[in-house]
Amino acid sequence: MKPIAPLLSLFVFVTLGCQHVAPAPPPAPAAMAPGILHSPWDSTPVVATAVPYTCGPAVAIGPDITVTGSLDSHKMHVSEDVKAAVYSQSGTAIQELTSRVVQAADTYRATGSTEAAACVVNLLASVASTHAMTGYMAGDDAWAERSIALHAAVIAYLKVRGSGMASPSDNDLIVAWLKDITHIEKSHYEQFTCTHEHCYIKNHKGLSVAMAAAAVGIAANDDNLFHWAISEYHSAVGEINGRGMLHYDTIGRYAFKNNLRSAAYLVQIAEFGEVNGVPLYGYDNGIIHLLIHTVALGIISQGPYHSATKSTQSAPSTVEPWEITWASVYNRRFPDPIITSLLQQVGPSPSDMWGGEPWGAED
């Protein structure tokens with residue numbers, strides 16, 4: 001159990017009363033044009049300013065991502081120079097792109113800096129023009145890094161698209177690139193046959209794609225892509241059992257982490273749905289709340305996941321921002337004492353999936 005003494009007194013209250021939390025009314029959205037998909041940031045426009053922002057040079061990323069964990073193992077006998085060159089070309093560049101677009105987008109939202117907004121547009125247009133990350137993926141590590149980058153890129157773009165910094169041609173280029181990657185990932189996970197125990201398209205991997213598809217669908221005003229994500233939400237919520245766990249994620253030592261990831265993705269899809277008039281939090285008698293409360297309690301102690309899987313769970317020894325900051329948007333609608341306390345412990349942090357899933361969360 002993690003050392004979270006202030007939360008222990010709340011454990012009984014939440015365990016017995018979490019299904020009766022009164023929701024806080026969400027902020028009233030601004031008037032939205034009918035027939036157009038909207039993001040949560042569309043209803044909170046930013047006042048443009050001339051605050052300076054240093055963007056830096058474009059990031060060079062090609063279609064193929066060749067970084068893979070096997071580069072660091074005995075399975076691949078290459079020199080350290082070759083390993084460094086390959087990683088520099090792929091992994092480091094992806095992480096640089098991710099961190100820079102997230103920072104620039106958040107700076108625009110905080111300060112109104114049009115230079116920061118232009119930075120996001122220019123960085124994304126540059127990699128889109130080279131069809132970055134749309135080709136060969138060397139292995140699971142490459143797929144994971146691209147998934148993180150996709151989340152960061154589309155969320156950053158949604159945050160700045162109201163700035164007017166993207167020309168029509170920039171917008172078309174960026175949106176087409178985001179759609180390409182999303183369809184590649186969707187097709188990849190759909191190709192695997194589902195069994196009773198394993199199903200990629202229905203576990204945290206598939207929900208990662210669904211979250212991206214919802215965001216990209218909004219950016220592209222692609223109703224088909226957006227509603228595919230909604231259907232994946234419906235399907236996943238239908239898999240939540242009486243213990244508040246997802247069937248296809250509750251396997252082995254990563255059951256807690258994978259349920260946590262899925263809860264985060266589902267909350268984001270729900271937020272996208274709510275702002276577009278698709279009520280998702282109440283779907284299937286609101287069972288999504290049980291999943292969210294279960295993973296929140298799991299941050300304190302992974303005991304229930306150990307009981308469910310008979311496996312010792314992999315989890316940080318202390319509360320880390322990536323584990324809970326995704327729930328800030330949920331907590332504004334449905335205030336919860338456990339989630340509130342966890343958020344207070346980690347404090348303000350950019351390590352949330354609204355800004356790109358943080359590096360290191362897989363460790």
# chains A, B, ... in the order shown; residues from 1 in each chain; ligands from 1
>>> residues_around(residues="stretch 212-229 of chain A", least_positions_apart="4", cutoff="9 Å", atoms="only C-alpha atoms", output="NGL selection string")
:A and (35-39 or 147 or 150-151 or 154-155 or 157-158 or 161 or 171-172 or 175-176 or 178-179 or 182-183 or 186 or 207-208 or 233-234 or 265 or 268-269 or 272-273)
>>> write_last_selection(atoms="N, CA and C atoms", output="short mmCIF file (atom, residue, chain, number, x, y, z; two decimals), in the first residue's frame")
data_model
loop_
_atom_site.label_atom_id
_atom_site.label_comp_id
_atom_site.auth_asym_id
_atom_site.auth_seq_id
_atom_site.Cartn_x
_atom_site.Cartn_y
_atom_site.Cartn_z
N GLY A 35 -23.97 20.74 -36.56
CA GLY A 35 -23.35 19.97 -37.62
C GLY A 35 -21.85 19.98 -37.60
N ILE A 36 -21.27 20.59 -36.58
CA ILE A 36 -19.81 20.65 -36.47
C ILE A 36 -19.41 20.03 -35.14
N LEU A 37 -18.41 19.16 -35.17
CA LEU A 37 -17.93 18.55 -33.94
C LEU A 37 -17.05 19.54 -33.19
N HIS A 38 -17.18 19.54 -31.88
CA HIS A 38 -16.50 20.53 -31.04
C HIS A 38 -15.59 19.86 -30.02
N SER A 39 -14.57 20.59 -29.61
CA SER A 39 -13.70 20.15 -28.53
C SER A 39 -14.02 20.95 -27.28
N SER A 147 1.86 6.20 -30.37
CA SER A 147 0.56 6.43 -29.75
C SER A 147 0.59 7.63 -28.83
N LEU A 150 0.75 10.74 -30.98
CA LEU A 150 -0.54 11.03 -31.62
C LEU A 150 -1.47 11.75 -30.65
N HIS A 151 -1.56 11.25 -29.43
CA HIS A 151 -2.40 11.90 -28.42
C HIS A 151 -1.95 13.35 -28.21
N VAL A 154 -2.70 15.69 -31.43
CA VAL A 154 -4.08 16.08 -31.71
C VAL A 154 -4.65 16.96 -30.60
N ILE A 155 -4.30 16.68 -29.34
CA ILE A 155 -4.79 17.53 -28.25
C ILE A 155 -4.18 18.93 -28.36
N TYR A 157 -3.24 20.38 -31.05
CA TYR A 157 -3.85 21.06 -32.18
C TYR A 157 -5.25 21.57 -31.83
N LEU A 158 -6.02 20.75 -31.11
CA LEU A 158 -7.34 21.20 -30.69
C LEU A 158 -7.26 22.42 -29.78
N ARG A 161 -6.43 25.47 -32.31
CA ARG A 161 -7.04 25.64 -33.63
C ARG A 161 -7.93 26.87 -33.71
N ASN A 171 -4.12 23.40 -42.08
CA ASN A 171 -5.13 22.59 -41.41
C ASN A 171 -5.37 21.29 -42.16
N ASP A 172 -5.52 21.39 -43.48
CA ASP A 172 -5.77 20.18 -44.27
C ASP A 172 -4.60 19.20 -44.16
N VAL A 175 -4.52 17.71 -40.43
CA VAL A 175 -5.65 16.83 -40.16
C VAL A 175 -5.54 15.54 -40.96
N ALA A 176 -5.12 15.62 -42.21
CA ALA A 176 -4.95 14.40 -43.02
C ALA A 176 -3.91 13.48 -42.41
N LEU A 178 -3.00 13.34 -39.16
CA LEU A 178 -3.55 12.77 -37.93
C LEU A 178 -4.52 11.63 -38.25
N LYS A 179 -5.32 11.81 -39.29
CA LYS A 179 -6.25 10.75 -39.68
C LYS A 179 -5.52 9.52 -40.18
N THR A 182 -4.22 7.59 -37.21
CA THR A 182 -5.32 6.99 -36.47
C THR A 182 -5.87 5.77 -37.19
N HIS A 183 -6.07 5.86 -38.48
CA HIS A 183 -6.58 4.71 -39.24
C HIS A 183 -5.57 3.56 -39.26
N LYS A 186 -5.89 1.96 -35.80
CA LYS A 186 -7.18 1.28 -35.72
C LYS A 186 -7.13 -0.05 -36.47
N LEU A 207 -8.61 1.22 -26.60
CA LEU A 207 -9.21 2.45 -26.08
C LEU A 207 -8.28 3.64 -26.27
N SER A 208 -6.98 3.39 -26.31
CA SER A 208 -6.04 4.45 -26.66
C SER A 208 -6.32 4.96 -28.06
N TYR A 233 -16.43 3.17 -26.81
CA TYR A 233 -16.75 3.53 -25.42
C TYR A 233 -17.90 2.66 -24.92
N HIS A 234 -18.96 2.59 -25.69
CA HIS A 234 -20.11 1.78 -25.31
C HIS A 234 -19.71 0.32 -25.07
N TYR A 265 -8.66 6.97 -20.69
CA TYR A 265 -9.12 7.12 -22.08
C TYR A 265 -10.64 7.27 -22.13
N GLN A 268 -11.81 10.74 -21.19
CA GLN A 268 -11.61 11.71 -22.26
C GLN A 268 -12.64 11.55 -23.36
N ILE A 269 -12.95 10.32 -23.71
CA ILE A 269 -13.99 10.11 -24.73
C ILE A 269 -15.33 10.63 -24.21
N PHE A 272 -15.44 14.35 -24.59
CA PHE A 272 -15.67 14.71 -26.00
C PHE A 272 -17.13 14.48 -26.37
N GLY A 273 -17.70 13.38 -25.87
CA GLY A 273 -19.10 13.10 -26.15
C GLY A 273 -20.03 14.14 -25.54
#
>>> closest_atom_pairs(of="stretch 139-247 of chain A", to="stretch 41-55 of chain A", cutoff="8 Å", atoms="only C-alpha atoms", output="tab-separated table")
residue	atom	partner	partner_atom	distance
A:Leu158	CA	A:Trp41	CA	7.1
A:Lys159	CA	A:Trp41	CA	6.0
A:Gly162	CA	A:Asp42	CA	7.0
A:Ser163	CA	A:Ala48	CA	7.3
>>> closest_residue(among="A:Ala142, A:Ile230, A:Thr312, A:Trp322", to="A:Tyr281", atoms="only C-alpha atoms")
A:Ile230
>>> closest_residue(among="A:Ile181, A:Val237, A:Leu266, A:Val209", to="A:Gly135", atoms="only C-alpha atoms")
A:Ile181
>>> closest_atom_pairs(of="stretch 179-291 of chain A", to="stretch 333-346 of chain A", cutoff="12 Å", atoms="only C-alpha atoms", output="tab-separated table")
residue	atom	partner	partner_atom	distance
A:Val267	CA	A:Arg333	CA	11.1
A:Ala270	CA	A:Arg333	CA	11.5
A:Glu271	CA	A:Arg333	CA	10.0
A:Glu274	CA	A:Arg333	CA	11.1
A:Tyr281	CA	A:Arg333	CA	10.0
A:Gly282	CA	A:Phe334	CA	11.9
A:Gly286	CA	A:Phe334	CA	11.9
A:Ile288	CA	A:Phe334	CA	11.9
A:His289	CA	A:Phe334	CA	9.1
>>> write_last_selection(atoms="N, CA and C atoms", output="mmCIF file, in the first residue's frame")
data_model
loop_
_atom_site.group_PDB
_atom_site.id
_atom_site.type_symbol
_atom_site.label_atom_id
_atom_site.label_comp_id
_atom_site.auth_asym_id
_atom_site.auth_seq_id
_atom_site.Cartn_x
_atom_site.Cartn_y
_atom_site.Cartn_z
ATOM 1 N N VAL A 267 -12.658 8.458 -19.836
ATOM 2 C CA VAL A 267 -13.055 9.780 -19.348
ATOM 3 C C VAL A 267 -12.889 10.818 -20.444
ATOM 4 N N ALA A 270 -15.600 10.387 -22.931
ATOM 5 C CA ALA A 270 -16.851 10.881 -22.346
ATOM 6 C C ALA A 270 -16.926 12.402 -22.408
ATOM 7 N N GLU A 271 -15.810 13.066 -22.122
ATOM 8 C CA GLU A 271 -15.798 14.526 -22.191
ATOM 9 C C GLU A 271 -16.052 15.006 -23.619
ATOM 10 N N GLU A 274 -19.797 14.460 -24.270
ATOM 11 C CA GLU A 274 -20.683 15.397 -23.573
ATOM 12 C C GLU A 274 -20.718 16.750 -24.266
ATOM 13 N N TYR A 281 -21.505 9.675 -19.669
ATOM 14 C CA TYR A 281 -21.290 9.303 -18.264
ATOM 15 C C TYR A 281 -22.464 8.504 -17.702
ATOM 16 N N GLY A 282 -23.653 8.740 -18.215
ATOM 17 C CA GLY A 282 -24.820 8.019 -17.728
ATOM 18 C C GLY A 282 -25.101 6.730 -18.465
ATOM 19 N N GLY A 286 -24.588 4.418 -15.741
ATOM 20 C CA GLY A 286 -23.461 5.130 -15.155
ATOM 21 C C GLY A 286 -22.384 4.248 -14.566
ATOM 22 N N ILE A 288 -19.565 3.554 -15.607
ATOM 23 C CA ILE A 288 -18.221 4.112 -15.762
ATOM 24 C C ILE A 288 -17.713 4.673 -14.434
ATOM 25 N N HIS A 289 -18.619 5.171 -13.591
ATOM 26 C CA HIS A 289 -18.210 5.734 -12.302
ATOM 27 C C HIS A 289 -17.587 4.668 -11.406
#
>>> select_by_dssp(residues="stretch 91-294 of chain A", states="helix (DSSP H, G or I)", output="NGL selection string")
:A and (91-111 or 114-129 or 140-163 or 168-190 or 200-202 or 204-220 or 223-237 or 247-249 or 252-275 or 283-286 or 288-294)
